[in-house]
Amino acid sequence: MPQGIVGFSGTRLREAREARGLTGVSLAEIAGVTPGMISQYEHGIKAPQHDVLERIAGGLNLPAAFFFEPPTEQTIDSPLTFRSLSSATKTARTKEAHKFQWHLNIAHYLARFATLPTVRFPDWEVPAPEDLSDEDIDLIAMRLRRFWGLDDEPISDMVELVEKNGGVVVRCELGAQALDAYSAWSDGRPHIVLGADKLAAVRSRYDLTHELAHLILHRRISEQQLRRSEIHKELERQANFFAGCFLLPARTFSEDFSLPMLDTLLSLKLRWRVSVGAMIFRGEWLRLIAPEQGERLWIAYGRRGWRNHEPYDEELPIEQPRTLRTAFELARRVPTFTIGGLRATLNYADSDIEHLCGLPYGYLQDVPHADMRPSHMGDSEFRLLEFPSSN
């Protein structure tokens with residue numbers, strides 16, 4: 001039997017350490033023990049004493065109770081679609097995999113008290129990546145627009161569109177900029193995590209639509225397939241191509257397109273809410289831009305320094321997720337929901353719950369433990385999340 005506190009879970013310690021992106025050496029410094037002791041804690045050979053546990057819990061910003069509960073893992077029906085599989089991002093991917101499970105646990109808990117929007121994502125038979133042509137992808141993108149009742153005009157809010165059709169979107173600080181965003185299916189519902197460091201709305205919208213492509217086109221890809229670099233590279237290319245097709249429908253974008261010039265494309269940016277770079281790619285595929293014109297455009301694009309920052313990037317508001325935040329607000333109006341119950345069930349830091357629900361920082365600290373509610377608010381009348389139709 002491990003020496004130290006009875007019931008301590010080494011598995012939970014490793015989960016917490018990796019979720020914070022720390023090495024065993026770093027955690028050992030925080031806990032005031034050797035790296036070897038951290039390894040023994042994680043492998044269940046020994047358990048920490050009370051004073052060491054306090055330092056570990058404080059350093060990892062988690063309640064001590066976190067380390068005494070078995071990990072709760074929600075079903076993930078598809079592999080996480082990370083942008084980069086390089087060794088440089090391995091720690092960040094591991095960190096995000098744990099945080100994604102925390103996100104799912106929070107969403108699952110809130111779903112007890114607030115009915116999330118019905119999932120209206122198609123489950124189409126899509127050719128395998130090696131058999132999927134660009135023409136196929138263009139048709140699927142248009143088919144999805146029709147499935148969701150959209151015309152071929154610009155989409156005003158991609159986050160709202162995905163969420164009102166049952167997707168759950170969350171913005172988080174990711175462990176590496178190269179990850180950008182990722183997504184997966186869980187228990188029949190699509191979840192998308194967007195990087196909070198994207199300060200340009202058009203780039204973030206493109207990331208979201210890129211992940212939408214994975215959820216539609218690559219739903220049945222296996223983890224083994226995804227790990228193969230040549231397949232992963234093609235999946236990423238297909239997702240980027242789908243994003244351009246979905247955001248820039250051929251007919252209406254072609255009608256708006258006049259001259260293959262940067263300033264002309266820039267004038268379309270505020271209408272379509274898509275980057276100039278994405279419009280160049282789309283224009284080339286639609287043959288609105290001849291090869292030699294495209295070459296000149298890309299040279300001019302680079303010379304203007306637009307690869308990292310384009311004009312109007314700050315003009316458009318970044319679209320914000322609402323599903324989990326609204327679910328949280330509605331759950332608070334259900335008599336059986338309490339903040340204390342939320343904390344005791346999940347055992348995460350308040351800042352983690354706030355971050356993964358889209359709540360303002362410090363929100364939970366401002367809520368009394370008694371969970372005061374207006375007396376006229378009942379149970380069922382506030383349970384359903386509804387989204388207005390604006391697209």
# chains A, B, ... in the order shown; residues from 1 in each chain; ligands from 1
$ select_by_dssp --residues "range 182-251 of chain A" --states "helix (DSSP H, G or I)" --output "ChimeraX atom specification"
/A:201-217,223-226,229-247,250-251
$ residues_around --residues "range 116-128 of chain A" --least-positions-apart "3" --cutoff "6 Å" --atoms "only C-alpha atoms" --output "number ranges by chain"
A: 131-132, 165-166, 385
$ closest_residue --among "A:Tyr109, A:Trp185, A:Phe82, A:Phe253" --to "Gly341 in chain A" --atoms "only C-alpha atoms"
A:Tyr109
$ closest_residue --among "A:Ala213, A:Ile106, A:Leu179, A:Ala28" --to "Gln40 in chain A" --atoms "only C-alpha atoms"
A:Ala28
$ residues_around --residues "Asp138 in chain A" --least-positions-apart "6" --cutoff "8 Å" --atoms "only C-alpha atoms" --output "PyMOL selection string"
chain A and resi 242+245-246
$ select_by_dssp --residues "range 67-309 of chain A" --states "strand (DSSP E)" --output "list of chain:residue names"
A:Val168, A:Val169, A:Val170, A:Arg171, A:Cys172, A:Ala181, A:Tyr182, A:Ser183, A:Ala184, A:Trp185, A:Ser186, A:Arg189, A:Pro190, A:His191, A:Ile192, A:Val193, A:Leu194, A:Gly195
$ closest_residue --among "A:Ile155, A:Lys233, A:Trp285, A:Gly7" --to "Ser86 in chain A" --atoms "only C-alpha atoms"
A:Lys233
$ residues_around --residues "Arg93 in chain A" --least-positions-apart "4" --cutoff "9 Å" --atoms "only C-alpha atoms" --output "JSON, numbers by chain"
{"A": [82, 84, 85, 89, 97, 98, 174, 175, 176, 179]}
$ closest_atom_pairs --of "range 182-257 of chain A" --to "range 64-74 of chain A" --cutoff "12 Å" --atoms "only C-alpha atoms" --output "CSV"
residue,atom,partner,partner_atom,distance
A:Ala184,CA,A:Gln74,CA,11.8
A:Trp185,CA,A:Gln74,CA,10.7
A:Ser186,CA,A:Gln74,CA,7.2
A:Asp187,CA,A:Gln74,CA,7.7
A:Gly188,CA,A:Gln74,CA,11.3
A:Arg189,CA,A:Gln74,CA,11.6
$ write_last_selection --atoms "C-alpha atoms" --output "short mmCIF file (atom, residue, chain, number, x, y, z; two decimals), in the first residue's frame"
data_model
loop_
_atom_site.label_atom_id
_atom_site.label_comp_id
_atom_site.auth_asym_id
_atom_site.auth_seq_id
_atom_site.Cartn_x
_atom_site.Cartn_y
_atom_site.Cartn_z
CA ALA A 184 -14.10 16.23 -31.86
CA TRP A 185 -17.43 14.47 -31.57
CA SER A 186 -18.51 13.40 -28.09
CA ASP A 187 -21.68 11.50 -27.31
CA GLY A 188 -23.22 12.58 -30.59
CA ARG A 189 -22.46 16.30 -30.17
#
$ residues_around --residues "Leu53 in chain A" --least-positions-apart "6" --cutoff "10 Å" --atoms "only C-alpha atoms" --output "list in words"
Gly4, Ile5, Phe8, Ala31, Ala47, Gly59, Ala64 and Phe67 of chain A
$ write_last_selection --atoms "C-alpha atoms" --output "PDB file, in the first residue's frame"
ATOM      1  CA  GLY A   4       1.219   8.807   2.752  1.00  0.00           C
ATOM      2  CA  ILE A   5      -2.368  10.031   2.496  1.00  0.00           C
ATOM      3  CA  PHE A   8      -4.547   9.764  -3.122  1.00  0.00           C
ATOM      4  CA  ALA A  31       6.144  20.754  -4.007  1.00  0.00           C
ATOM      5  CA  ALA A  47       1.432   9.152  -1.655  1.00  0.00           C
ATOM      6  CA  GLY A  59       0.938  25.001  -7.312  1.00  0.00           C
ATOM      7  CA  ALA A  64      -7.139  18.997  -2.905  1.00  0.00           C
ATOM      8  CA  PHE A  67      -6.607  14.196  -6.286  1.00  0.00           C
TER       9      PHE A  67
END
$ residues_around --residues "range 267-274 of chain A" --least-positions-apart "2" --cutoff "9 Å" --atoms "only C-alpha atoms" --output "list in words"
Glu153, Pro154, Ile155, Ser156, Ala201, Val202, Arg203, Arg205, Tyr206, Gly244, Leu247, Leu248, Phe253, Asp256, Phe257, Leu262, Asp263, Thr264, Leu265, Val276, Gly277, Ala278, Met279, Tyr312, Glu315 and Leu316 of chain A
$ write_last_selection --atoms "C-alpha atoms" --output "tab-separated table (two decimals), in the first residue's frame"
chain	number	residue	atom	x	y	z
A	153	GLU	CA	-24.88	35.33	-48.98
A	154	PRO	CA	-22.16	36.09	-46.40
A	155	ILE	CA	-22.63	34.50	-42.98
A	156	SER	CA	-22.91	37.13	-40.27
A	201	ALA	CA	-12.17	37.86	-36.40
A	202	VAL	CA	-11.69	36.70	-39.99
A	203	ARG	CA	-8.90	34.30	-39.03
A	205	ARG	CA	-13.95	32.42	-38.34
A	206	TYR	CA	-11.75	30.53	-40.78
A	244	GLY	CA	-13.09	28.70	-48.41
A	247	LEU	CA	-17.55	30.96	-46.52
A	248	LEU	CA	-17.28	32.06	-50.17
A	253	PHE	CA	-18.54	35.50	-54.58
A	256	ASP	CA	-18.91	40.30	-56.27
A	257	PHE	CA	-15.46	39.72	-57.73
A	262	LEU	CA	-5.43	43.49	-53.55
A	263	ASP	CA	-7.35	46.69	-52.97
A	264	THR	CA	-10.38	45.28	-54.76
A	265	LEU	CA	-10.32	42.16	-52.59
A	276	VAL	CA	-7.82	38.65	-48.46
A	277	GLY	CA	-5.52	35.63	-48.49
A	278	ALA	CA	-8.48	33.25	-48.35
A	279	MET	CA	-10.17	35.17	-51.17
A	312	TYR	CA	-9.42	45.71	-41.10
A	315	GLU	CA	-12.55	46.31	-37.51
A	316	LEU	CA	-14.72	43.23	-37.06
$ closest_residue --among "A:Arg17, A:Arg146, A:Arg333, A:Arg220" --to "Ser78 in chain A" --atoms "only C-alpha atoms"
A:Arg220
$ residues_around --residues "Ile45 in chain A" --least-positions-apart "4" --cutoff "12 Å" --atoms "only C-alpha atoms" --output "ChimeraX atom specification"
/A:1-5,8-11,36-41
$ atom_distance --atom1 "CA of His50 in chain A" --atom2 "CA of Leu346 in chain A"
21.6 Å
$ atom_distance --atom1 "CA of Glu230 in chain A" --atom2 "CA of Glu292 in chain A"
28.9 Å
$ closest_residue --among "A:Trp102, A:Trp298, A:Phe147, A:Phe241" --to "His355 in chain A" --atoms "only C-alpha atoms"
A:Trp102
$ atom_distance --atom1 "CA of His218 in chain A" --atom2 "CA of Glu18 in chain A"
27.6 Å
